[in-house]
Amino acid sequence: MSIIKKFIPGALVALTLSSSAMAQDNNFNYIVDRFADIEVLRYKVPEFEKLSLQQKKLIYFLTEAAIMGRDILTDQNCKYNLEIRTLLENIYLNYTGDRETADFKAFEKYLKQVWFANGVHHHYSCDKFIPEFSQAFLSDQVTLLPADKQPENIDVLAKVIFDPTYMAKRVNQAEGMDLITTSACNYYDNITQAEVDSFYVSIKDPNDKTPISYGLNSRLVKVNDSTIVEQVYKVGGMYSEAITPIVDRLTEAAKYAENDAQRKVIESLISYYKTGDLRIFDEYSILWVNDTNSQVDFINGFIESYGDPLGMKGAWESIVNFKNIEASRRTEIISDNAQWFEDNSPIDPRFRKEEVKGVSAKVITAAILAGDAYPATPIGINLPNANWIRAAHGSKSVTIENITQAYDEASHGNGFNEEFVIDEPTRQLMNKYLFITDNLHTDLHECLGHGSGKLLPGVDPDALKAHGSTLEETRADLFALYYLADKKLVELGLLDSPEAYKAEYYKYILNGMMTQLMRIEPGKDVEEAHMRNRKLIAEWAYEMGKKDNVIELVKKDGETFIKINDYDKLREIFGKQLFEIQRIKSEGDYEAGRALVEKYAVKVDPQLHKEVLDRYSTLNIAPYRGFVNPIYSLVKDDKGEIIDVKITYGEGYIDQMLRYSRDHSPLTK
Ligand code: ZN
C-alpha cells in the first residue's frame, strides 16, 4: 500500500517565517477561529477570476459534488457520528439560554471539535474527545428540543459522548490487539480481525498482477452471526442518498469538461459510483493519471486508507483544483529529471527502477476541500494508490501552494523560531530558505520519493503490514532529504545556494525529535504514520551520528536545543538510511521494518515531551490547523444563463458548518 499524503501541522509550518517575495495582504484575514488545539484559517484562490467561463462552471459543479460527500466521511469515522452531530447542532440552534455559562461554552467548543474531526474522535490522534460540559446539561437540552428532534437512542449517544472507555479510539494500531473490534471506525461491524483477514484472503488471487483495491469501497459486516457481507458504497447501495446527488453534480460538471479526456474521466467516475465496481475504479484511475493536459483537476471518491486499521477501506474525500502554471515549472524540472534521480539514488542497484514512468507533477491551487481533506487538509497529494497502476501508468503528484501560503502567512511572528531554534544564524538561514526548501521537500517526496525503487519479484506489496504506511513515508522523506542537499538542485536552478538545504535539515531534525511532540498528549505514544516516520528518521540519525557528534542535544538555561554540527555527515546518514529502508521495502523484510519502527518511532521520552509541551504552551500556537472553504455562486442573466461564477471568502467557521449541515447533508435528512 502506498500512502501518499503529507500533512503540515501548525507548528511545523510556523517555522516558515518566510521573508520571501510573497506579498502580505493586509485586507485578507487568514485566521478565522481558534478553539481547543485547533486554528481555523481561510485560503485564497488566486487567479480564479482569470479562468475561462467554462472552467469556472466546471469548477462550480465539481465543488458542489465535493461538498455533498461530507456526511459519508463523518459516518465512516464512527456509526454514531451523524446522529451526534445532528443532535448537537439541533441543541445549538435551539438554545435560548445564557451563552456565557461554562456549560454552554464547553458545549460549543465540543461541537466545533466534532465538526473539525468529522466525528467524536480527534482527526489526528484518533482519541475520543472528552466533553467539558456535564451530562446533565445535555439531558436538559434534549428535553427542550421539539419532540421530533429528540433522539430515541439518547442513552447510547450519551454513552458515546461521555464514556471515555466506550469506542475510545477511532483507529487502534496497538500491536497484539484485535484492531477491528477495538477501533470505533465504521468500516466493519460485528466482525473480528481474524474474520476480516480470512475473508480477504479467500477472495484475493495471489497471482493477479493487476489486483483491484480489495475492500476499498465497502463496509464489511457479519449478519446473523454467520454470513460475511460487503456493503458496497454505490448508487443503490450503501450511502446511495449521498452518492446519487454527487453523481448528479458530476453529470452536470461533465458538460463543461475542458476536453474529451477529462470528460471521459468524469464519466468513468460516474460509472464507478453507479456500479461500485472496483475494476472500473482502476480504469478511472488510469484515465485520471493520464489526463495531464487539463488545467482543472479533481479527486472525488474513496481514496486514502489511514482511517482503517488494516489499511484497506477508503475514506471519502474530494479536492477540486486547477494548475498554477507559473509555479509548476519547478515540479516539471524535477519530473523531467526523474530518471537521473532514480539512477543516482543511494540504494542497492537491484532495487532501482530501470525506467521511471510518467512521474507527472504540478503545483495546484485548491478551489475546494471536502470529506477527508476538510477542514484539515494535506499540502501534497500523490495518487493513485494502487501499486500496479503506479508502476504501469505512473502517478500524479501535486503540491497545493495556496494552502502552504495560507499557513505561512498566518504564522508570521508567532514566536516559534525564537523559542525552539538554537541561534540567530540558524533562524536567518531558515527565514531565507525554508519556504523554498520546504516546498522542494514536498515536491521531491511526492513527485519522486513514493514512485522510486521497486519490489523484488514475488514480494507482497503488503508485506510490511501495519508498519507499511510509516515505512513508505520514511522512504519518500529520505529520498527528498537526501536530494535536497545535492548540487544537482543548484545546477537545475531550483535553489540558488548550496547551503539552502541546511534550513530544511535543521527543521526536520528539530521537528522529528522535539517539536512534533507538542501534538502528543502526555503519556501517549506516537501513532500517526507521518509522525512516526519523522521521529524514526530523526532519532535514528541522531544515533547513527553519535560517534561523530553529528547531531547534538544542547542545554541552555535548562532548555533543550538541537545543534547540528556536521551537515555533510547528516546527508550521508540520510543516504544510508534510505539504502536500508529501500532494502526493507524491496525485500518485504517485515521484521527489520518492525524493529526500526518500535525502536525509534513510537516511544516518547517523557521528560523531553513535558519540556516541549511546557515551552510550546507559552506560545499559544494551535498544534493543528484547517480551513474553511470559499463560497462559489452562479451569476445568471435574465434568461437564466450562467454568465459568471463568483467567489467570496467572508464566511465564518460556525456558519459554514451549519450551512453544510443544512444544505449539503443527504444522509441526515
Ligand atoms: Zn507521502
# chains A, B, ... in the order shown; residues from 1 in each chain; ligands from 1
call {"tool": "residues_around", "arguments": {"residues": "Arg571 (chain A)", "least_positions_apart": "6", "cutoff": "10 Å", "atoms": "only C-alpha atoms", "output": "PyMOL selection string"}}
result
chain A and resi 478+481-486+501-502+505+541+577
call {"tool": "write_last_selection", "arguments": {"atoms": "N, CA, C and O atoms", "output": "JSON list (two decimals), in the first residue's frame"}}
result
[["chain", "number", "residue", "atom", "x", "y", "z"],
["A", 478, "LEU", "N", 13.11, 10.30, 3.09],
["A", 478, "LEU", "CA", 14.57, 10.15, 2.98],
["A", 478, "LEU", "C", 15.05, 10.48, 1.57],
["A", 478, "LEU", "O", 16.09, 11.10, 1.39],
["A", 481, "LEU", "N", 15.05, 14.22, 1.48],
["A", 481, "LEU", "CA", 16.11, 14.80, 2.30],
["A", 481, "LEU", "C", 17.48, 14.61, 1.64],
["A", 481, "LEU", "O", 18.30, 15.53, 1.58],
["A", 482, "TYR", "N", 17.70, 13.40, 1.16],
["A", 482, "TYR", "CA", 19.00, 13.12, 0.53],
["A", 482, "TYR", "C", 19.25, 14.06, -0.64],
["A", 482, "TYR", "O", 20.33, 14.66, -0.77],
["A", 483, "TYR", "N", 18.25, 14.24, -1.49],
["A", 483, "TYR", "CA", 18.47, 15.03, -2.70],
["A", 483, "TYR", "C", 18.42, 16.53, -2.49],
["A", 483, "TYR", "O", 18.94, 17.30, -3.30],
["A", 484, "LEU", "N", 17.79, 16.97, -1.40],
["A", 484, "LEU", "CA", 17.76, 18.41, -1.13],
["A", 484, "LEU", "C", 19.17, 18.99, -1.06],
["A", 484, "LEU", "O", 19.41, 20.15, -1.40],
["A", 485, "ALA", "N", 20.12, 18.15, -0.62],
["A", 485, "ALA", "CA", 21.50, 18.64, -0.44],
["A", 485, "ALA", "C", 22.35, 18.37, -1.68],
["A", 485, "ALA", "O", 23.56, 18.58, -1.65],
["A", 486, "ASP", "N", 21.73, 17.92, -2.75],
["A", 486, "ASP", "CA", 22.52, 17.56, -3.94],
["A", 486, "ASP", "C", 22.78, 18.81, -4.79],
["A", 486, "ASP", "O", 21.87, 19.62, -5.01],
["A", 501, "TYR", "N", 19.81, 23.82, 1.72],
["A", 501, "TYR", "CA", 19.23, 22.59, 2.28],
["A", 501, "TYR", "C", 19.32, 22.52, 3.80],
["A", 501, "TYR", "O", 18.53, 21.85, 4.46],
["A", 502, "LYS", "N", 20.32, 23.24, 4.36],
["A", 502, "LYS", "CA", 20.52, 23.17, 5.81],
["A", 502, "LYS", "C", 19.29, 23.65, 6.58],
["A", 502, "LYS", "O", 19.02, 23.19, 7.69],
["A", 505, "TYR", "N", 17.06, 20.67, 6.76],
["A", 505, "TYR", "CA", 17.65, 19.64, 7.62],
["A", 505, "TYR", "C", 17.45, 19.99, 9.09],
["A", 505, "TYR", "O", 17.10, 19.16, 9.91],
["A", 541, "ALA", "N", 18.90, 8.94, 12.96],
["A", 541, "ALA", "CA", 20.03, 9.75, 12.50],
["A", 541, "ALA", "C", 20.87, 10.21, 13.69],
["A", 541, "ALA", "O", 22.11, 10.20, 13.65],
["A", 577, "GLN", "N", 20.37, 5.58, 5.51],
["A", 577, "GLN", "CA", 19.03, 5.19, 5.96],
["A", 577, "GLN", "C", 18.16, 4.79, 4.76],
["A", 577, "GLN", "O", 17.43, 3.80, 4.81]]
call {"tool": "select_by_dssp", "arguments": {"residues": "region 285-416 of chain A", "states": "helix (DSSP H, G or I)", "output": "PyMOL selection string"}}
result
chain A and resi 285-290+325-336+338-343+349-351+387-393+401-411+416
call {"tool": "residues_around", "arguments": {"residues": "Glu47 (chain A)", "least_positions_apart": "2", "cutoff": "10 Å", "atoms": "only C-alpha atoms", "output": "PyMOL selection string"}}
result
chain A and resi 44-45+49-51+322+324+365
call {"tool": "atom_distance", "arguments": {"atom1": "CA of Phe479 (chain A)", "atom2": "CA of Ala376 (chain A)"}}
result
25.7 Å
call {"tool": "residues_around", "arguments": {"residues": "Val612 (chain A)", "least_positions_apart": "5", "cutoff": "10 Å", "atoms": "only C-alpha atoms", "output": "list in words"}}
result
Phe420, Met514, Thr515, Gln516, Leu517, Met518, Arg519, Glu559, Thr560, Pro606, Gln607 and Ser617 of chain A
call {"tool": "write_last_selection", "arguments": {"atoms": "N, CA, C and O atoms", "output": "compact mmCIF listing (two decimals), in the first residue's frame"}}
result
# COMPACT_ATOMS: atom_id res chain seq x y z
N PHE A 420 12.44 27.80 19.79
CA PHE A 420 12.98 26.45 19.58
C PHE A 420 14.25 26.37 18.72
O PHE A 420 14.95 25.37 18.78
N MET A 514 11.81 16.74 18.49
CA MET A 514 11.21 17.54 19.56
C MET A 514 9.84 18.12 19.25
O MET A 514 8.86 17.75 19.87
N THR A 515 9.78 19.06 18.33
CA THR A 515 8.59 19.92 18.32
C THR A 515 7.30 19.21 17.92
O THR A 515 6.23 19.62 18.32
N GLN A 516 7.39 18.14 17.13
CA GLN A 516 6.14 17.45 16.81
C GLN A 516 5.51 16.79 18.04
O GLN A 516 4.32 16.48 18.04
N LEU A 517 6.29 16.65 19.10
CA LEU A 517 5.75 16.04 20.32
C LEU A 517 4.66 16.90 20.95
O LEU A 517 3.87 16.42 21.76
N MET A 518 4.60 18.16 20.55
CA MET A 518 3.56 19.00 21.13
C MET A 518 2.17 18.53 20.71
O MET A 518 1.18 18.93 21.28
N ARG A 519 2.10 17.64 19.74
CA ARG A 519 0.80 17.14 19.34
C ARG A 519 0.44 15.81 19.99
O ARG A 519 -0.55 15.19 19.66
N GLU A 559 16.97 24.38 29.04
CA GLU A 559 16.14 24.03 27.90
C GLU A 559 16.96 23.31 26.84
O GLU A 559 18.14 23.59 26.63
N THR A 560 16.30 22.40 26.14
CA THR A 560 16.99 21.56 25.16
C THR A 560 16.93 22.20 23.77
O THR A 560 15.88 22.70 23.35
N PRO A 606 9.56 10.91 28.23
CA PRO A 606 8.56 11.72 28.95
C PRO A 606 9.09 13.09 29.40
O PRO A 606 8.34 14.08 29.42
N GLN A 607 10.37 13.14 29.72
CA GLN A 607 10.93 14.40 30.21
C GLN A 607 11.03 15.45 29.09
O GLN A 607 10.61 16.59 29.25
N SER A 617 3.40 25.71 25.19
CA SER A 617 2.16 26.29 25.73
C SER A 617 2.32 27.80 25.95
O SER A 617 1.33 28.53 25.94
call {"tool": "closest_residue", "arguments": {"among": "A:Leu278, A:Ala253, A:Arg85, A:Glu504", "to": "Val320 (chain A)", "atoms": "only C-alpha atoms"}}
result
A:Ala253
call {"tool": "residues_around", "arguments": {"residues": "region 430-439 of chain A", "least_positions_apart": "3", "cutoff": "10 Å", "atoms": "only C-alpha atoms", "output": "count of residues only"}}
result
45
call {"tool": "select_by_dssp", "arguments": {"residues": "region 448-589 of chain A", "states": "strand (DSSP E)", "output": "PyMOL selection string"}}
result
chain A and resi 551-556+559-564
call {"tool": "residues_around", "arguments": {"residues": "region 535-537 of chain A", "least_positions_apart": "6", "cutoff": "6 Å", "atoms": "only C-alpha atoms", "output": "PDB file with all heavy atoms, in the first residue's frame"}}
result
ATOM      1  N   GLY A 512      11.292  16.291  14.129  1.00  0.00           N
ATOM      2  CA  GLY A 512      11.214  14.853  14.358  1.00  0.00           C
ATOM      3  C   GLY A 512      11.567  14.462  15.782  1.00  0.00           C
ATOM      4  O   GLY A 512      10.959  13.577  16.370  1.00  0.00           O
ATOM      5  N   MET A 513      12.555  15.141  16.358  1.00  0.00           N
ATOM      6  CA  MET A 513      12.991  14.773  17.712  1.00  0.00           C
ATOM      7  C   MET A 513      12.229  15.512  18.791  1.00  0.00           C
ATOM      8  O   MET A 513      12.072  15.010  19.896  1.00  0.00           O
ATOM      9  CB  MET A 513      14.496  15.045  17.888  1.00  0.00           C
ATOM     10  CG  MET A 513      15.354  14.057  17.131  1.00  0.00           C
ATOM     11  SD  MET A 513      17.121  14.257  17.476  1.00  0.00           S
ATOM     12  CE  MET A 513      17.271  13.493  19.089  1.00  0.00           C
ATOM     13  N   TYR A 600      12.582   3.406  17.232  1.00  0.00           N
ATOM     14  CA  TYR A 600      12.759   4.861  17.108  1.00  0.00           C
ATOM     15  C   TYR A 600      11.466   5.663  16.968  1.00  0.00           C
ATOM     16  O   TYR A 600      11.459   6.865  17.222  1.00  0.00           O
ATOM     17  CB  TYR A 600      13.634   5.162  15.882  1.00  0.00           C
ATOM     18  CG  TYR A 600      15.031   4.609  15.968  1.00  0.00           C
ATOM     19  CD1 TYR A 600      15.440   3.568  15.152  1.00  0.00           C
ATOM     20  CD2 TYR A 600      15.944   5.130  16.898  1.00  0.00           C
ATOM     21  CE1 TYR A 600      16.721   3.055  15.236  1.00  0.00           C
ATOM     22  CE2 TYR A 600      17.230   4.616  16.977  1.00  0.00           C
ATOM     23  CZ  TYR A 600      17.621   3.584  16.149  1.00  0.00           C
ATOM     24  OH  TYR A 600      18.887   3.079  16.231  1.00  0.00           O
ATOM     25  N   ALA A 601      10.378   5.027  16.522  1.00  0.00           N
ATOM     26  CA  ALA A 601       9.251   5.826  16.046  1.00  0.00           C
ATOM     27  C   ALA A 601       8.089   5.960  17.018  1.00  0.00           C
ATOM     28  O   ALA A 601       7.213   6.789  16.819  1.00  0.00           O
ATOM     29  CB  ALA A 601       8.741   5.238  14.721  1.00  0.00           C
TER      30      ALA A 601
END
call {"tool": "residues_around", "arguments": {"residues": "Thr292 (chain A)", "least_positions_apart": "4", "cutoff": "12 Å", "atoms": "only C-alpha atoms", "output": "VMD selection string"}}
result
chain A and resid 258 to 259 261 to 262 265 286 to 288 296 to 298 322 to 323 332 358 to 362 394 to 398
call {"tool": "atom_distance", "arguments": {"atom1": "CA of Leu464 (chain A)", "atom2": "CA of Gly301 (chain A)"}}
result
25.8 Å
